[in-house]
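data-v6.pdb follows; it contains PDB, C-alpha atoms.
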```
ATOM      1  CA  MET A   1     -27.646 -18.333  -8.615
ATOM      2  CA  GLY A   2     -26.296 -15.066  -7.177
ATOM      3  CA  ILE A   3     -25.113 -12.068  -9.142
ATOM      4  CA  LEU A   4     -21.439 -12.947  -8.707
ATOM      5  CA  ASP A   5     -22.133 -16.480  -9.912
ATOM      6  CA  LYS A   6     -23.785 -15.021 -13.033
ATOM      7  CA  ILE A   7     -20.867 -12.673 -13.621
ATOM      8  CA  PHE A   8     -18.374 -15.481 -13.206
ATOM      9  CA  LYS A   9     -20.567 -18.002 -15.068
ATOM     10  CA  ARG A  10     -20.197 -20.478 -12.218
ATOM     11  CA  ASN A  11     -22.424 -22.907 -10.431
ATOM     12  CA  ASN A  12     -20.167 -23.993  -7.559
ATOM     13  CA  LYS A  13     -19.862 -22.096  -4.274
ATOM     14  CA  SER A  14     -16.058 -21.820  -3.927
ATOM     15  CA  SER A  15     -14.515 -18.354  -4.255
ATOM     16  CA  GLU A  16     -11.572 -19.666  -6.290
ATOM     17  CA  GLY A  17     -13.156 -18.693  -9.640
ATOM     18  CA  TYR A  18     -13.598 -15.063  -8.607
ATOM     19  CA  ASN A  19      -9.855 -14.559  -8.990
ATOM     20  CA  ASN A  20      -9.697 -16.107 -12.441
ATOM     21  CA  ILE A  21      -9.836 -13.502 -15.204
ATOM     22  CA  THR A  22     -10.918 -16.090 -17.772
ATOM     23  CA  SER A  23     -14.131 -16.794 -15.848
ATOM     24  CA  LEU A  24     -15.316 -13.167 -15.984
ATOM     25  CA  ASP A  25     -17.889 -11.899 -18.477
ATOM     26  CA  PHE A  26     -16.229  -8.825 -20.002
ATOM     27  CA  LYS A  27     -19.347  -8.061 -22.062
ATOM     28  CA  ASP A  28     -21.043  -6.916 -18.822
ATOM     29  CA  ALA A  29     -19.250  -3.615 -18.205
ATOM     30  CA  ASP A  30     -21.270  -2.585 -15.140
ATOM     31  CA  SER A  31     -20.566  -5.872 -13.363
ATOM     32  CA  ILE A  32     -16.838  -5.723 -14.092
ATOM     33  CA  LEU A  33     -16.727  -2.105 -12.929
ATOM     34  CA  GLY A  34     -18.580  -3.131  -9.770
ATOM     35  CA  ILE A  35     -15.951  -5.788  -9.086
ATOM     36  CA  VAL A  36     -13.162  -3.259  -9.684
ATOM     37  CA  VAL A  37     -14.739  -0.755  -7.284
ATOM     38  CA  GLN A  38     -15.067  -3.514  -4.666
ATOM     39  CA  LEU A  39     -11.418  -4.539  -5.150
ATOM     40  CA  ASN A  40     -10.468  -0.912  -4.528
ATOM     41  CA  LYS A  41     -12.632  -0.736  -1.392
ATOM     42  CA  ASP A  42     -11.064  -3.963  -0.124
ATOM     43  CA  ILE A  43      -7.646  -2.316  -0.278
ATOM     44  CA  TRP A  44      -8.794   0.314   2.207
ATOM     45  CA  SER A  45     -10.112  -2.291   4.638
ATOM     46  CA  ASP A  46      -6.954  -4.435   4.382
ATOM     47  CA  THR A  47      -3.882  -2.697   2.964
ATOM     48  CA  SER A  48      -2.074  -6.045   2.579
ATOM     49  CA  LYS A  49      -4.334  -6.546  -0.462
ATOM     50  CA  TRP A  50      -3.013  -3.427  -2.214
ATOM     51  CA  GLU A  51      -0.517  -4.968  -4.648
ATOM     52  CA  LYS A  52      -2.669  -7.964  -5.610
ATOM     53  CA  ASN A  53      -5.905  -5.992  -5.954
ATOM     54  CA  ASN A  54      -4.329  -3.109  -7.852
ATOM     55  CA  LEU A  55      -2.818  -5.544 -10.351
ATOM     56  CA  LYS A  56      -6.215  -7.265 -10.773
ATOM     57  CA  MET A  57      -7.927  -3.923 -11.291
ATOM     58  CA  ILE A  58      -5.474  -2.951 -14.033
ATOM     59  CA  GLN A  59      -5.877  -6.354 -15.715
ATOM     60  CA  TYR A  60      -9.686  -6.296 -15.534
ATOM     61  CA  LEU A  61      -9.920  -2.722 -16.791
ATOM     62  CA  THR A  62      -7.468  -3.276 -19.637
ATOM     63  CA  ARG A  63      -9.470  -6.308 -20.723
ATOM     64  CA  LEU A  64     -12.777  -4.436 -20.389
ATOM     65  CA  LEU A  65     -11.427  -1.624 -22.562
ATOM     66  CA  LEU A  66     -10.795  -4.136 -25.364
ATOM     67  CA  ASN A  67     -14.595  -4.521 -25.597
ATOM     68  CA  TYR A  68     -15.507  -0.941 -24.685
ATOM     69  CA  PRO A  69     -12.605   1.374 -25.628
ATOM     70  CA  ASP A  70     -14.710   4.493 -25.053
ATOM     71  CA  ASP A  71     -16.033   3.562 -21.600
ATOM     72  CA  THR A  72     -15.095   6.654 -19.609
ATOM     73  CA  ARG A  73     -15.709   4.855 -16.307
ATOM     74  CA  ALA A  74     -13.165   2.157 -17.187
ATOM     75  CA  LEU A  75     -10.684   4.820 -18.326
ATOM     76  CA  THR A  76     -11.236   6.780 -15.098
ATOM     77  CA  ASN A  77     -10.607   3.705 -12.956
ATOM     78  CA  LEU A  78      -7.611   2.594 -15.014
ATOM     79  CA  GLY A  79      -6.112   6.053 -14.599
ATOM     80  CA  ALA A  80      -6.687   5.900 -10.837
ATOM     81  CA  ALA A  81      -5.107   2.433 -10.552
ATOM     82  CA  LEU A  82      -2.102   3.484 -12.656
ATOM     83  CA  SER A  83      -1.686   6.630 -10.576
ATOM     84  CA  ASP A  84      -1.832   4.548  -7.405
ATOM     85  CA  SER A  85       0.975   2.444  -8.929
ATOM     86  CA  GLY A  86       3.113   5.553  -9.383
ATOM     87  CA  LYS A  87       2.602   5.552 -13.170
ATOM     88  CA  HIS A  88       1.259   9.090 -13.281
ATOM     89  CA  LYS A  89       2.098   9.893 -16.916
ATOM     90  CA  GLU A  90       0.408   6.679 -18.085
ATOM     91  CA  ALA A  91      -2.529   7.500 -15.833
ATOM     92  CA  LEU A  92      -2.814  10.974 -17.295
ATOM     93  CA  TYR A  93      -2.851   9.542 -20.820
ATOM     94  CA  GLU A  94      -5.855   7.302 -19.989
ATOM     95  CA  LEU A  95      -7.649   9.992 -18.003
ATOM     96  CA  LEU A  96      -7.345  12.581 -20.748
ATOM     97  CA  LYS A  97      -8.964  10.087 -23.150
ATOM     98  CA  ALA A  98     -12.018  10.028 -20.857
ATOM     99  CA  GLU A  99     -12.043  13.816 -20.701
ATOM    100  CA  LYS A 100     -12.023  14.014 -24.522
ATOM    101  CA  LEU A 101     -15.021  11.665 -24.524
ATOM    102  CA  LYS A 102     -16.902  14.310 -22.490
ATOM    103  CA  SER A 103     -17.195  12.480 -19.163
ATOM    104  CA  ASN A 104     -18.880  14.485 -16.407
ATOM    105  CA  ASP A 105     -17.639  12.329 -13.539
ATOM    106  CA  ALA A 106     -16.124  14.152 -10.576
ATOM    107  CA  ASN A 107     -13.726  11.241  -9.991
ATOM    108  CA  LEU A 108     -12.293  11.683 -13.484
ATOM    109  CA  TYR A 109     -11.423  15.323 -12.847
ATOM    110  CA  ARG A 110     -10.034  14.592  -9.371
ATOM    111  CA  ASN A 111      -7.893  11.828 -10.846
ATOM    112  CA  ILE A 112      -6.589  14.136 -13.570
ATOM    113  CA  GLY A 113      -5.709  16.669 -10.867
ATOM    114  CA  ILE A 114      -3.973  13.980  -8.813
ATOM    115  CA  ALA A 115      -1.982  12.709 -11.800
ATOM    116  CA  LYS A 116      -1.024  16.255 -12.778
ATOM    117  CA  MET A 117       0.147  16.984  -9.219
ATOM    118  CA  ASN A 118       2.540  14.061  -9.581
ATOM    119  CA  VAL A 119       3.955  15.082 -12.973
ATOM    120  CA  ASN A 120       6.228  18.076 -12.487
ATOM    121  CA  GLU A 121       5.586  19.697 -15.867
ATOM    122  CA  GLU A 122       1.799  19.370 -15.383
ATOM    123  CA  ARG A 123       1.505  20.429 -11.734
ATOM    124  CA  GLN A 124       0.582  24.053 -12.506
ATOM    125  CA  ASN A 125      -2.615  22.892 -14.271
ATOM    126  CA  ALA A 126      -3.867  20.564 -11.532
ATOM    127  CA  LYS A 127      -5.885  23.098  -9.549
ATOM    128  CA  GLU A 128      -8.383  23.752 -12.350
ATOM    129  CA  TYR A 129      -9.235  20.031 -12.437
ATOM    130  CA  PHE A 130      -9.857  19.865  -8.691
ATOM    131  CA  LYS A 131     -12.129  22.906  -9.011
ATOM    132  CA  LYS A 132     -14.078  21.326 -11.862
ATOM    133  CA  ALA A 133     -14.448  18.077  -9.862
ATOM    134  CA  ASP A 134     -16.069  20.069  -7.063
ATOM    135  CA  THR A 135     -18.881  21.077  -9.438
ATOM    136  CA  LEU A 136     -19.687  17.504 -10.548
ATOM    137  CA  LYS A 137     -21.060  14.287  -9.065
ATOM    138  CA  SER A 138     -19.064  11.071  -8.759
ATOM    139  CA  ASP A 139     -20.188   7.985 -10.640
ATOM    140  CA  ASN A 140     -20.724   5.064  -8.253
ATOM    141  CA  LEU A 141     -18.779   2.763 -10.611
ATOM    142  CA  THR A 142     -15.594   4.858 -10.473
ATOM    143  CA  PHE A 143     -13.132   5.644  -7.734
ATOM    144  CA  GLU A 144     -10.639   8.299  -6.806
ATOM    145  CA  ALA A 145      -6.883   7.685  -6.798
ATOM    146  CA  TYR A 146      -5.086   8.061  -3.512
ATOM    147  CA  PHE A 147      -3.899  11.580  -2.879
ATOM    148  CA  ASP A 148      -2.169  13.138   0.094
ATOM    149  CA  PRO A 149      -2.454  16.927  -0.334
ATOM    150  CA  GLN A 150      -0.014  17.414   2.553
ATOM    151  CA  GLY A 151       2.624  15.604   0.496
ATOM    152  CA  HIS A 152       2.684  18.383  -2.108
TER     153      HIS A 152
END
```

Just give me the structure as structure tokens.
Amino acid sequence: MGILDKIFKRNNKSSEGYNNITSLDFKDADSILGIVVQLNKDIWSDTSKWEKNNLKMIQYLTRLLLNYPDDTRALTNLGAALSDSGKHKEALYELLKAEKLKSNDANLYRNIGIAKMNVNEERQNAKEYFKKADTLKSDNLTFEAYFDPQGH
């Protein structure tokens, strides 16, 4: 049985169960985060998957946070997915939770900077977060929100 079959608690070979949230093991945070990171990567290889994958990521991360409310990686990814959905204030709320929990993930600080750039009253504070991100390493189970610096 492969790793995805273990995660999804399945024995058959069809991919249908991989899309079913009820078949996921939300006690295995690293595996769920790995799936979320892969969903994000899939968006970049096929942008037609953006809406469906982003919704799945938000659902999976919200569910994961029910079991692990202080998982800074899940909060970082949820913030990125919300920011990518244009919900920058909601994203900032989740991201600042991870910061308060003392995360040292570069993606967290980049995502805070990105969210702040998209919230008018926060924009002036964004630069310090980008600078801090440059001094840290990214966790391989988190991702960075989309950001077009030329758009600002």

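Minimum atom-to-atom distance to Met117 of chain A, evaluated using all atoms listed in the file, belongs to A:Ala145 out of A:Leu65, A:Ala98, A:Ala145, A:Ala74.
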
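Across the structure, atom CA of Asn111 of chain A and atom CA of Ser138 of chain A are spaced 11.4 Å apart.
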
Exactly which residues make up the result of the PyMOL selection byres ((chain A and resi 118) around 10) on this file, given as a PyMOL selection string?
chain A and resi 83+86-89+92+112-117+119-123+126+147+152

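Across A:Thr135, A:Thr72, A:Asn77, A:Gln124, the tightest approach to Val37 of chain A is made by A:Asn77 when counting only C-alpha atoms.
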
Might you spell out which residues the PyMOL selection byres ((chain A and resi 38) around 12) would select in the displayed file, as a PDB file with C-alpha atoms, in the frame of the given file?
```pdb
ATOM      1  CA  SER A  31     -20.566  -5.872 -13.363  1.00  0.00           C
ATOM      2  CA  ILE A  32     -16.838  -5.723 -14.092  1.00  0.00           C
ATOM      3  CA  LEU A  33     -16.727  -2.105 -12.929  1.00  0.00           C
ATOM      4  CA  GLY A  34     -18.580  -3.131  -9.770  1.00  0.00           C
ATOM      5  CA  ILE A  35     -15.951  -5.788  -9.086  1.00  0.00           C
ATOM      6  CA  VAL A  36     -13.162  -3.259  -9.684  1.00  0.00           C
ATOM      7  CA  VAL A  37     -14.739  -0.755  -7.284  1.00  0.00           C
ATOM      8  CA  LEU A  39     -11.418  -4.539  -5.150  1.00  0.00           C
ATOM      9  CA  ASN A  40     -10.468  -0.912  -4.528  1.00  0.00           C
ATOM     10  CA  LYS A  41     -12.632  -0.736  -1.392  1.00  0.00           C
ATOM     11  CA  ASP A  42     -11.064  -3.963  -0.124  1.00  0.00           C
ATOM     12  CA  ILE A  43      -7.646  -2.316  -0.278  1.00  0.00           C
ATOM     13  CA  TRP A  44      -8.794   0.314   2.207  1.00  0.00           C
ATOM     14  CA  SER A  45     -10.112  -2.291   4.638  1.00  0.00           C
ATOM     15  CA  LYS A  49      -4.334  -6.546  -0.462  1.00  0.00           C
ATOM     16  CA  ASN A  53      -5.905  -5.992  -5.954  1.00  0.00           C
ATOM     17  CA  ASN A  54      -4.329  -3.109  -7.852  1.00  0.00           C
ATOM     18  CA  LYS A  56      -6.215  -7.265 -10.773  1.00  0.00           C
ATOM     19  CA  MET A  57      -7.927  -3.923 -11.291  1.00  0.00           C
ATOM     20  CA  ASN A  77     -10.607   3.705 -12.956  1.00  0.00           C
ATOM     21  CA  ASN A 140     -20.724   5.064  -8.253  1.00  0.00           C
ATOM     22  CA  LEU A 141     -18.779   2.763 -10.611  1.00  0.00           C
ATOM     23  CA  THR A 142     -15.594   4.858 -10.473  1.00  0.00           C
ATOM     24  CA  PHE A 143     -13.132   5.644  -7.734  1.00  0.00           C
TER      25      PHE A 143
END
```

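When the PyMOL selection byres ((chain A and resi 94) around 8) is evaluated against the file, it yields A:Leu75, A:Thr76, A:Leu78, A:Gly79, A:Glu90, A:Ala91, A:Leu92, A:Tyr93, A:Leu95, A:Leu96, A:Lys97, A:Ala98.
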
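Of the residues under consideration (A:Tyr109, A:Ser23, A:Asp70, A:Ser85), A:Tyr109 shows the shortest atom-to-atom contact distance to Lys131 of chain A when counting only C-alpha atoms.
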
Calculate how many Å separate atom CA of Asp28 of chain A from atom CA of Trp50 of chain A, rounding to one decimal.
24.8 Å

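Put simply, atom CA of Lys27 of chain A is 20.4 Å away from atom CA of Leu55 of chain A.
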
Please write a file for segment 5-132 of chain A, taken from the block I just shared, that holds C-alpha atoms and is laid out as a compact mmCIF listing (two decimals), in the first residue's frame.
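Contents of selection-v8.txt, freshly written:
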```
# COMPACT_ATOMS: atom_id res chain seq x y z
CA ASP A 5 -3.37 4.91 0.18
CA LYS A 6 -2.35 5.00 3.86
CA ILE A 7 -3.29 8.66 4.15
CA PHE A 8 -6.64 8.05 2.51
CA LYS A 9 -7.16 4.71 4.30
CA ARG A 10 -7.93 3.02 0.99
CA ASN A 11 -7.14 -0.26 -0.63
CA ASN A 12 -8.47 0.32 -4.16
CA LYS A 13 -6.46 1.99 -6.92
CA SER A 14 -8.96 4.60 -8.19
CA SER A 15 -8.14 8.26 -7.54
CA GLU A 16 -11.76 9.10 -6.67
CA GLY A 17 -11.16 8.85 -2.90
CA TYR A 18 -8.33 11.39 -2.98
CA ASN A 19 -10.90 14.14 -3.49
CA ASN A 20 -13.10 13.03 -0.61
CA ILE A 21 -12.39 14.96 2.58
CA THR A 22 -14.00 12.27 4.73
CA SER A 23 -11.41 9.70 3.61
CA LEU A 24 -8.44 11.77 4.82
CA ASP A 25 -6.65 11.13 8.11
CA PHE A 26 -6.56 14.56 9.77
CA LYS A 27 -4.52 13.18 12.69
CA ASP A 28 -1.51 13.01 10.32
CA ALA A 29 -0.65 16.70 9.98
CA ASP A 30 2.47 16.24 7.84
CA SER A 31 0.61 14.13 5.28
CA ILE A 32 -2.28 16.59 5.03
CA LEU A 33 0.18 19.47 4.68
CA GLY A 34 1.99 17.52 1.97
CA ILE A 35 -1.28 17.11 0.07
CA VAL A 36 -2.02 20.83 0.45
CA VAL A 37 1.43 21.78 -0.86
CA GLN A 38 0.92 19.44 -3.83
CA LEU A 39 -2.52 20.94 -4.55
CA ASN A 40 -0.86 24.36 -4.61
CA LYS A 41 1.89 23.14 -6.96
CA ASP A 42 -0.74 21.62 -9.25
CA ILE A 43 -2.32 25.05 -9.65
CA TRP A 44 0.92 26.38 -11.12
CA SER A 45 1.16 23.53 -13.62
CA ASP A 46 -2.51 23.85 -14.67
CA THR A 47 -4.20 27.13 -13.76
CA SER A 48 -7.64 25.67 -14.59
CA LYS A 49 -7.31 23.85 -11.24
CA TRP A 50 -7.02 27.11 -9.27
CA GLU A 51 -10.58 27.48 -7.96
CA LYS A 52 -11.11 23.79 -7.13
CA ASN A 53 -7.69 23.29 -5.54
CA ASN A 54 -7.77 26.51 -3.55
CA LEU A 55 -11.16 25.57 -2.12
CA LYS A 56 -9.84 22.09 -1.20
CA MET A 57 -6.78 23.61 0.45
CA ILE A 58 -8.93 25.91 2.60
CA GLN A 59 -11.22 23.01 3.56
CA TYR A 60 -8.34 20.65 4.40
CA LEU A 61 -6.47 23.28 6.40
CA THR A 62 -9.55 24.39 8.32
CA ARG A 63 -10.25 20.77 9.22
CA LEU A 64 -6.61 20.14 10.17
CA LEU A 65 -6.67 23.17 12.46
CA LEU A 66 -9.56 21.61 14.40
CA ASN A 67 -7.09 18.92 15.53
CA TYR A 68 -4.00 21.13 15.68
CA PRO A 69 -5.06 24.75 16.30
CA ASP A 70 -1.48 25.85 16.98
CA ASP A 71 0.10 24.30 13.87
CA THR A 72 1.92 27.29 12.41
CA ARG A 73 2.42 25.52 9.08
CA ALA A 74 -1.34 25.02 8.67
CA LEU A 75 -1.96 28.65 9.66
CA THR A 76 0.69 29.83 7.19
CA ASN A 77 -0.87 27.84 4.35
CA LEU A 78 -4.41 28.86 5.27
CA GLY A 79 -3.32 32.50 5.22
CA ALA A 80 -1.72 32.02 1.80
CA ALA A 81 -4.83 30.32 0.38
CA LEU A 82 -7.11 33.03 1.80
CA SER A 83 -4.85 35.74 0.40
CA ASP A 84 -4.91 34.03 -2.99
CA SER A 85 -8.72 34.17 -2.74
CA GLY A 86 -8.60 37.93 -2.20
CA LYS A 87 -9.50 37.60 1.50
CA HIS A 88 -6.46 39.50 2.71
CA LYS A 89 -7.83 40.65 6.08
CA GLU A 90 -8.89 37.08 6.94
CA ALA A 91 -5.50 35.87 5.76
CA LEU A 92 -3.72 38.39 7.95
CA TYR A 93 -5.73 37.25 10.97
CA GLU A 94 -4.58 33.62 10.50
CA LEU A 95 -1.01 34.58 9.67
CA LEU A 96 -0.62 36.78 12.73
CA LYS A 97 -1.73 33.82 14.88
CA ALA A 98 1.25 31.85 13.51
CA GLU A 99 3.56 34.78 14.18
CA LYS A 100 2.37 34.94 17.81
CA LEU A 101 3.17 31.22 18.09
CA LYS A 102 6.80 32.10 17.24
CA SER A 103 7.06 30.50 13.79
CA ASN A 104 10.41 31.00 12.06
CA ASP A 105 9.19 30.11 8.58
CA ALA A 106 10.16 32.48 5.78
CA ASN A 107 6.88 31.73 3.98
CA LEU A 108 4.92 32.97 6.99
CA TYR A 109 6.65 36.35 6.94
CA ARG A 110 6.38 36.66 3.15
CA ASN A 111 2.68 35.86 3.39
CA ILE A 112 2.17 38.47 6.11
CA GLY A 113 3.94 41.00 3.88
CA ILE A 114 1.77 40.01 0.91
CA ALA A 115 -1.45 40.27 2.93
CA LYS A 116 -0.38 43.63 4.36
CA MET A 117 0.40 44.94 0.86
CA ASN A 118 -3.20 44.17 -0.05
CA VAL A 119 -4.78 45.85 2.99
CA ASN A 120 -4.50 49.61 2.58
CA GLU A 121 -4.21 50.46 6.28
CA GLU A 122 -1.47 47.82 6.74
CA ARG A 123 0.60 48.46 3.61
CA GLN A 124 3.16 50.69 5.35
CA ASN A 125 4.22 47.78 7.60
CA ALA A 126 4.68 45.18 4.85
CA LYS A 127 8.32 45.88 4.06
CA GLU A 128 9.59 44.81 7.49
CA TYR A 129 7.98 41.39 6.99
CA PHE A 130 9.60 40.87 3.59
CA LYS A 131 12.96 41.80 5.14
CA LYS A 132 12.49 39.34 7.99
```
